[in-house]
Amino acid sequence: MSVDAARPQPRQWVDNAVRLIEADAKRSADTHLLRYPLPTAWCDGVDVALYLKDESTHITGSLKHRLARSLFLYGLCNGWIGENTTVIEASSGSTAVSEAYFAALLGLPFIAVMPSSTSASKIALIEAQGGRCHFVAESSQVYSEAQRLAEETGGHYLDQFTNAERATDWRGNNNIAESIYEQMRLEKHPIPGWVVVGAGTGGTSATIGRYIRYRRHATRLCVVDPENSAFFPAYAQGRDDVVTGASSRIEGIGRPRVEPSFLPDVVDRMIAVPDAASIAAAHHVSAVLGRRVGPSTGTNLWGAFGLLAEMIEHGRSGSVVTLLADSGDRYADTYFDAEWLASQGLDPSGPAAVLSEFERSGAWS
């Protein structure tokens with residue numbers, strides 16, 4: 001006698017949920033790749049170009065829109081998210097904003113777990129997308145509290161810090177790496193010498209690093225890291241147990257511990273960037289582009305400018321690609337406010353002088 005067992009699978013709802021997310025992606029098409037206006041007079045026969053992948057044009061305004069989409073598809077296709085699932089994340093920033101958007105798209109409740117010190121402006125962005133904010137006393141408590149809430153509600157903890165690298169199809173499927181190379185295809189130097197990104201979860205660097213190897217490109221991957229982040233010292237020391245005990249002041253990147261999604265073996269080089277330099281670069285690039293860019297974009301550009309200067313110094317032509325992660329308009333009362341910067345002990349004037357000299361001569365001090 002045969003024995004049969006089956007779990008009821010509400011496939012119709014899941015099928016429609018996947019369709020809604022895919023339809024949303026089709027409506028938004030892809031983000032632009034901008035050529036940054038570099039001075040040409042100082043190149044002296046060396047032809048270099050810099051490109052910005054403008055992730056601020058996603059409907060939720062940041063690079064994290066891609067991650068949120070991937071995490072929802074991952075949860076849906078693994079059977080973890082259903083019609084009445086409460087979706088939970090440990091995040092007080094752009095990831096939570098984007099995840100709240102996708103939860104609302106599917107008609108699901110969303111809870112973002114965050115420290116009680118989170119600014120009112122960040123809370124407002126999440127709530128504007130239909131999310132609910134749940135507070136803990138210390139930032140180190142967000143992981144366990146998100147898991148506890150998931151168990152209590154019978155919901156699903158998206159866990160961006162663990163699942164970022166596995167939720168994205170790094171082989172292609174219009175991930176950010178495939179998009180960059182397709183958009184670069186007709187440029188003078190279509191295979192970038194460097195791609196420069198920051199690390200928050202580590203998912204973006206993992207996706208790009210894997211794709212580079214999969215497609216056998218000569219591109220090298222550089223990860224830039226702000227102060228108080230564990231990623232750079234862990235990479236330099238060959239360890240994964242580094243804990244800094246402090247949070248990054250640069251929104252969206254840097255972590256006090258090495259997150260599971262950070263894959264150091266696909267990274268060719270790391271650069272530690274002082275927070276004042278990130279802010280100076282954000283201000284500089286905002287002036288050049290005529291619109292504000294976020295602080296993590298400043299971190300990216302500081303690293304990219306340094307690599308371009310190396311290429312010029314060694315007579316190597318080629319291209320560098322980095323990310324415009326989000327708009328600086330979100331940070332008008334912080335990173336673009338002189339009083340706030342002074343209250344944080346941040347003085348961007350020294351790094352600003354370095355950027356002025358780079359723009360004048362192509363040299364990097």
# chains A, B, ... in the order shown; residues from 1 in each chain; ligands from 1
$ closest_atom_pairs --of "stretch 207-249 of chain A" --to "stretch 298-307 of chain A" --cutoff "12 Å" --atoms "only C-alpha atoms" --output "Markdown table"
| residue | atom | partner | partner_atom | distance |
| --- | --- | --- | --- | --- |
| A:Arg220 | CA | A:Leu307 | CA | 11.1 |
| A:Leu221 | CA | A:Ala304 | CA | 11.0 |
| A:Cys222 | CA | A:Gly303 | CA | 8.1 |
| A:Val223 | CA | A:Asn300 | CA | 8.3 |
| A:Val224 | CA | A:Gly303 | CA | 6.3 |
| A:Asp225 | CA | A:Thr299 | CA | 7.4 |
| A:Pro226 | CA | A:Thr299 | CA | 7.2 |
| A:Glu227 | CA | A:Thr299 | CA | 10.5 |
| A:Arg249 | CA | A:Thr299 | CA | 11.5 |
$ select_by_dssp --residues "stretch 112-270 of chain A" --states "strand (DSSP E)" --output "ChimeraX atom specification"
/A:112-115,132-136,156-157,194-198,220-225,269-270
$ write_last_selection --atoms "C-alpha atoms" --output "JSON list (two decimals), in the first residue's frame"
[["chain", "number", "residue", "atom", "x", "y", "z"],
["A", 112, "ALA", "CA", 11.35, 47.18, 10.36],
["A", 113, "VAL", "CA", 13.36, 46.53, 13.54],
["A", 114, "MET", "CA", 15.69, 49.41, 14.40],
["A", 115, "PRO", "CA", 17.43, 51.18, 17.29],
["A", 132, "ARG", "CA", 5.77, 49.79, 10.78],
["A", 133, "CYS", "CA", 8.83, 50.53, 12.91],
["A", 134, "HIS", "CA", 9.72, 48.42, 15.97],
["A", 135, "PHE", "CA", 12.41, 49.77, 18.28],
["A", 136, "VAL", "CA", 15.16, 48.20, 20.38],
["A", 156, "HIS", "CA", 9.32, 35.71, 7.67],
["A", 157, "TYR", "CA", 12.57, 37.47, 8.62],
["A", 194, "TRP", "CA", 37.95, 48.66, -11.90],
["A", 195, "VAL", "CA", 34.46, 48.50, -10.43],
["A", 196, "VAL", "CA", 34.23, 50.31, -7.08],
["A", 197, "VAL", "CA", 31.47, 49.62, -4.54],
["A", 198, "GLY", "CA", 30.87, 49.92, -0.83],
["A", 220, "ARG", "CA", 39.15, 44.11, -10.74],
["A", 221, "LEU", "CA", 36.76, 44.77, -7.89],
["A", 222, "CYS", "CA", 37.56, 47.38, -5.23],
["A", 223, "VAL", "CA", 35.46, 47.67, -2.08],
["A", 224, "VAL", "CA", 35.60, 50.98, -0.18],
["A", 225, "ASP", "CA", 34.85, 50.99, 3.53],
["A", 269, "ARG", "CA", 41.35, 45.33, -3.17],
["A", 270, "MET", "CA", 39.87, 47.29, -0.27]]
$ closest_residue --among "A:Ser317, A:Ser229, A:Ser139, A:Gln12" --to "A:Ile271" --atoms "only C-alpha atoms"
A:Ser229
$ closest_residue --among "A:Thr85, A:Thr207, A:Thr244, A:Thr201" --to "A:Thr162" --atoms "only C-alpha atoms"
A:Thr201
$ select_by_dssp --residues "stretch 121-247 of chain A" --states "helix (DSSP H, G or I)" --output "VMD selection string"
chain A and resid 121 to 128 139 to 153 160 to 167 176 to 183 203 to 214 231 to 237
$ residues_around --residues "A:Glu151" --least-positions-apart "4" --cutoff "12 Å" --atoms "only C-alpha atoms" --output "MDAnalysis selection string"
chainID A and resid 85:88 144:147 155:157
$ write_last_selection --atoms "N, CA and C atoms" --output "JSON list (two decimals), in the first residue's frame"
[["chain", "number", "residue", "atom", "x", "y", "z"],
["A", 85, "THR", "N", 1.58, 36.45, 5.27],
["A", 85, "THR", "CA", 2.84, 36.47, 6.00],
["A", 85, "THR", "C", 3.21, 37.90, 6.43],
["A", 86, "THR", "N", 3.56, 38.07, 7.69],
["A", 86, "THR", "CA", 4.16, 39.31, 8.15],
["A", 86, "THR", "C", 5.64, 39.28, 7.80],
["A", 87, "VAL", "N", 6.11, 40.29, 7.09],
["A", 87, "VAL", "CA", 7.50, 40.34, 6.64],
["A", 87, "VAL", "C", 8.28, 41.27, 7.56],
["A", 88, "ILE", "N", 9.46, 40.83, 7.98],
["A", 88, "ILE", "CA", 10.23, 41.55, 9.00],
["A", 88, "ILE", "C", 11.67, 41.70, 8.53],
["A", 144, "SER", "N", 18.41, 39.61, 16.66],
["A", 144, "SER", "CA", 17.65, 38.66, 17.48],
["A", 144, "SER", "C", 16.20, 39.09, 17.64],
["A", 145, "GLU", "N", 15.96, 40.40, 17.72],
["A", 145, "GLU", "CA", 14.58, 40.86, 17.87],
["A", 145, "GLU", "C", 13.78, 40.63, 16.59],
["A", 146, "ALA", "N", 14.40, 40.81, 15.43],
["A", 146, "ALA", "CA", 13.71, 40.52, 14.17],
["A", 146, "ALA", "C", 13.35, 39.04, 14.09],
["A", 147, "GLN", "N", 14.27, 38.17, 14.50],
["A", 147, "GLN", "CA", 14.00, 36.74, 14.50],
["A", 147, "GLN", "C", 12.88, 36.39, 15.48],
["A", 155, "GLY", "N", 5.76, 34.93, 10.95],
["A", 155, "GLY", "CA", 6.15, 35.66, 9.75],
["A", 155, "GLY", "C", 7.48, 35.21, 9.20],
["A", 156, "HIS", "N", 8.04, 36.04, 8.32],
["A", 156, "HIS", "CA", 9.32, 35.71, 7.67],
["A", 156, "HIS", "C", 10.30, 36.85, 7.88],
["A", 157, "TYR", "N", 11.47, 36.53, 8.43],
["A", 157, "TYR", "CA", 12.57, 37.47, 8.62],
["A", 157, "TYR", "C", 13.41, 37.44, 7.35]]
$ residues_around --residues "A:Leu20" --least-positions-apart "4" --cutoff "9 Å" --atoms "only C-alpha atoms" --output "list in words"
Asp15, Asn16, Asp24, Ala25, Leu105 and Leu106 of chain A
$ residues_around --residues "A:Gly252" --least-positions-apart "4" --cutoff "7 Å" --atoms "only C-alpha atoms" --output "number ranges by chain"
A: 93, 200, 296
$ write_last_selection --atoms "all heavy atoms" --output "compact mmCIF listing (two decimals), in the first residue's frame"
# COMPACT_ATOMS: atom_id res chain seq x y z
N GLY A 93 17.25 51.89 7.46
CA GLY A 93 17.64 52.72 6.33
C GLY A 93 16.94 52.40 5.04
O GLY A 93 15.77 51.99 5.01
N GLY A 200 27.56 47.05 2.55
CA GLY A 200 26.67 47.14 3.69
C GLY A 200 26.33 45.74 4.14
O GLY A 200 26.80 45.25 5.16
N SER A 296 27.35 57.60 0.84
CA SER A 296 28.04 56.39 0.38
C SER A 296 28.52 56.55 -1.06
O SER A 296 29.52 55.94 -1.46
CB SER A 296 27.13 55.16 0.51
OG SER A 296 26.02 55.26 -0.35
$ closest_residue --among "A:Val320, A:Leu263, A:Ile59, A:Ile279" --to "A:Glu251" --atoms "only C-alpha atoms"
A:Ile279
$ atom_distance --atom1 "atom CA of A:Gly345" --atom2 "atom CA of A:Ala287"
22.8 Å
$ closest_residue --among "A:Asp240, A:Ile191, A:Leu158, A:Glu55" --to "A:Arg216" --atoms "only C-alpha atoms"
A:Ile191
$ closest_residue --among "A:Met311, A:Gly107, A:Ala342, A:Ser140" --to "A:Ala276" --atoms "only C-alpha atoms"
A:Ala342
$ closest_residue --among "A:Ala90, A:Val267, A:Val46, A:Val293" --to "A:Gly318" --atoms "only C-alpha atoms"
A:Val46
$ residues_around --residues "A:Asn163" --least-positions-apart "2" --cutoff "10 Å" --atoms "only C-alpha atoms" --output "list in words"
Leu67, Ser70, Leu71, Tyr74, Gly75, Leu158, Asp159, Gln160, Phe161, Glu165, Arg166, Ala167, Thr168, Thr201, Gly202, Gly203, Glu259, Pro260 and Ser261 of chain A
$ write_last_selection --atoms "N, CA, C and O atoms" --output "PDB file, in the first residue's frame"
ATOM      1  N   LEU A  67      18.077  44.900  -3.952  1.00  0.00           N
ATOM      2  CA  LEU A  67      18.197  43.899  -2.893  1.00  0.00           C
ATOM      3  C   LEU A  67      16.820  43.506  -2.378  1.00  0.00           C
ATOM      4  O   LEU A  67      16.532  42.312  -2.201  1.00  0.00           O
ATOM      5  N   SER A  70      15.069  41.205  -4.768  1.00  0.00           N
ATOM      6  CA  SER A  70      15.645  39.863  -4.751  1.00  0.00           C
ATOM      7  C   SER A  70      15.252  39.098  -3.489  1.00  0.00           C
ATOM      8  O   SER A  70      14.958  37.896  -3.537  1.00  0.00           O
ATOM      9  N   LEU A  71      15.249  39.780  -2.350  1.00  0.00           N
ATOM     10  CA  LEU A  71      14.890  39.111  -1.092  1.00  0.00           C
ATOM     11  C   LEU A  71      13.436  38.661  -1.093  1.00  0.00           C
ATOM     12  O   LEU A  71      13.109  37.574  -0.576  1.00  0.00           O
ATOM     13  N   TYR A  74      13.180  35.676  -3.445  1.00  0.00           N
ATOM     14  CA  TYR A  74      13.824  34.545  -2.763  1.00  0.00           C
ATOM     15  C   TYR A  74      12.868  33.924  -1.740  1.00  0.00           C
ATOM     16  O   TYR A  74      12.693  32.698  -1.673  1.00  0.00           O
ATOM     17  N   GLY A  75      12.226  34.774  -0.946  1.00  0.00           N
ATOM     18  CA  GLY A  75      11.287  34.280   0.049  1.00  0.00           C
ATOM     19  C   GLY A  75      10.048  33.653  -0.563  1.00  0.00           C
ATOM     20  O   GLY A  75       9.553  32.616  -0.093  1.00  0.00           O
ATOM     21  N   LEU A 158      13.399  38.530   6.589  1.00  0.00           N
ATOM     22  CA  LEU A 158      14.113  38.572   5.313  1.00  0.00           C
ATOM     23  C   LEU A 158      15.619  38.405   5.500  1.00  0.00           C
ATOM     24  O   LEU A 158      16.287  37.830   4.647  1.00  0.00           O
ATOM     25  N   ASP A 159      16.185  38.934   6.587  1.00  0.00           N
ATOM     26  CA  ASP A 159      17.589  38.777   6.970  1.00  0.00           C
ATOM     27  C   ASP A 159      18.536  39.171   5.834  1.00  0.00           C
ATOM     28  O   ASP A 159      19.267  38.353   5.274  1.00  0.00           O
ATOM     29  N   GLN A 160      18.544  40.457   5.519  1.00  0.00           N
ATOM     30  CA  GLN A 160      19.366  40.959   4.416  1.00  0.00           C
ATOM     31  C   GLN A 160      20.844  40.626   4.595  1.00  0.00           C
ATOM     32  O   GLN A 160      21.553  40.380   3.611  1.00  0.00           O
ATOM     33  N   PHE A 161      21.329  40.612   5.825  1.00  0.00           N
ATOM     34  CA  PHE A 161      22.762  40.450   6.052  1.00  0.00           C
ATOM     35  C   PHE A 161      23.230  39.017   5.795  1.00  0.00           C
ATOM     36  O   PHE A 161      24.393  38.798   5.466  1.00  0.00           O
ATOM     37  N   GLU A 165      23.731  37.807  -0.475  1.00  0.00           N
ATOM     38  CA  GLU A 165      24.585  37.205  -1.501  1.00  0.00           C
ATOM     39  C   GLU A 165      23.945  36.006  -2.177  1.00  0.00           C
ATOM     40  O   GLU A 165      24.297  35.652  -3.292  1.00  0.00           O
ATOM     41  N   ARG A 166      23.009  35.342  -1.493  1.00  0.00           N
ATOM     42  CA  ARG A 166      22.393  34.162  -2.096  1.00  0.00           C
ATOM     43  C   ARG A 166      21.071  34.449  -2.786  1.00  0.00           C
ATOM     44  O   ARG A 166      20.617  33.649  -3.603  1.00  0.00           O
ATOM     45  N   ALA A 167      20.441  35.582  -2.471  1.00  0.00           N
ATOM     46  CA  ALA A 167      19.146  35.892  -3.074  1.00  0.00           C
ATOM     47  C   ALA A 167      19.268  36.408  -4.498  1.00  0.00           C
ATOM     48  O   ALA A 167      18.329  36.312  -5.278  1.00  0.00           O
ATOM     49  N   THR A 168      20.420  36.973  -4.841  1.00  0.00           N
ATOM     50  CA  THR A 168      20.626  37.536  -6.175  1.00  0.00           C
ATOM     51  C   THR A 168      21.276  36.518  -7.100  1.00  0.00           C
ATOM     52  O   THR A 168      22.241  35.858  -6.729  1.00  0.00           O
ATOM     53  N   THR A 201      25.562  45.044   3.323  1.00  0.00           N
ATOM     54  CA  THR A 201      25.376  43.604   3.535  1.00  0.00           C
ATOM     55  C   THR A 201      26.554  42.821   2.943  1.00  0.00           C
ATOM     56  O   THR A 201      26.894  41.753   3.418  1.00  0.00           O
ATOM     57  N   GLY A 202      27.145  43.338   1.877  1.00  0.00           N
ATOM     58  CA  GLY A 202      28.139  42.599   1.113  1.00  0.00           C
ATOM     59  C   GLY A 202      27.550  41.965  -0.135  1.00  0.00           C
ATOM     60  O   GLY A 202      28.281  41.383  -0.949  1.00  0.00           O
ATOM     61  N   GLY A 203      26.243  42.087  -0.314  1.00  0.00           N
ATOM     62  CA  GLY A 203      25.583  41.432  -1.435  1.00  0.00           C
ATOM     63  C   GLY A 203      25.972  41.990  -2.786  1.00  0.00           C
ATOM     64  O   GLY A 203      26.155  41.231  -3.748  1.00  0.00           O
ATOM     65  N   GLU A 259      29.436  40.727   8.063  1.00  0.00           N
ATOM     66  CA  GLU A 259      28.166  40.071   7.767  1.00  0.00           C
ATOM     67  C   GLU A 259      28.379  38.822   6.912  1.00  0.00           C
ATOM     68  O   GLU A 259      29.322  38.753   6.111  1.00  0.00           O
ATOM     69  N   PRO A 260      27.490  37.815   7.062  1.00  0.00           N
ATOM     70  CA  PRO A 260      27.652  36.560   6.321  1.00  0.00           C
ATOM     71  C   PRO A 260      27.685  36.714   4.804  1.00  0.00           C
ATOM     72  O   PRO A 260      28.291  35.897   4.107  1.00  0.00           O
ATOM     73  N   SER A 261      27.048  37.757   4.273  1.00  0.00           N
ATOM     74  CA  SER A 261      26.996  37.925   2.820  1.00  0.00           C
ATOM     75  C   SER A 261      28.249  38.558   2.230  1.00  0.00           C
ATOM     76  O   SER A 261      28.388  38.625   1.009  1.00  0.00           O
TER      77      SER A 261
END
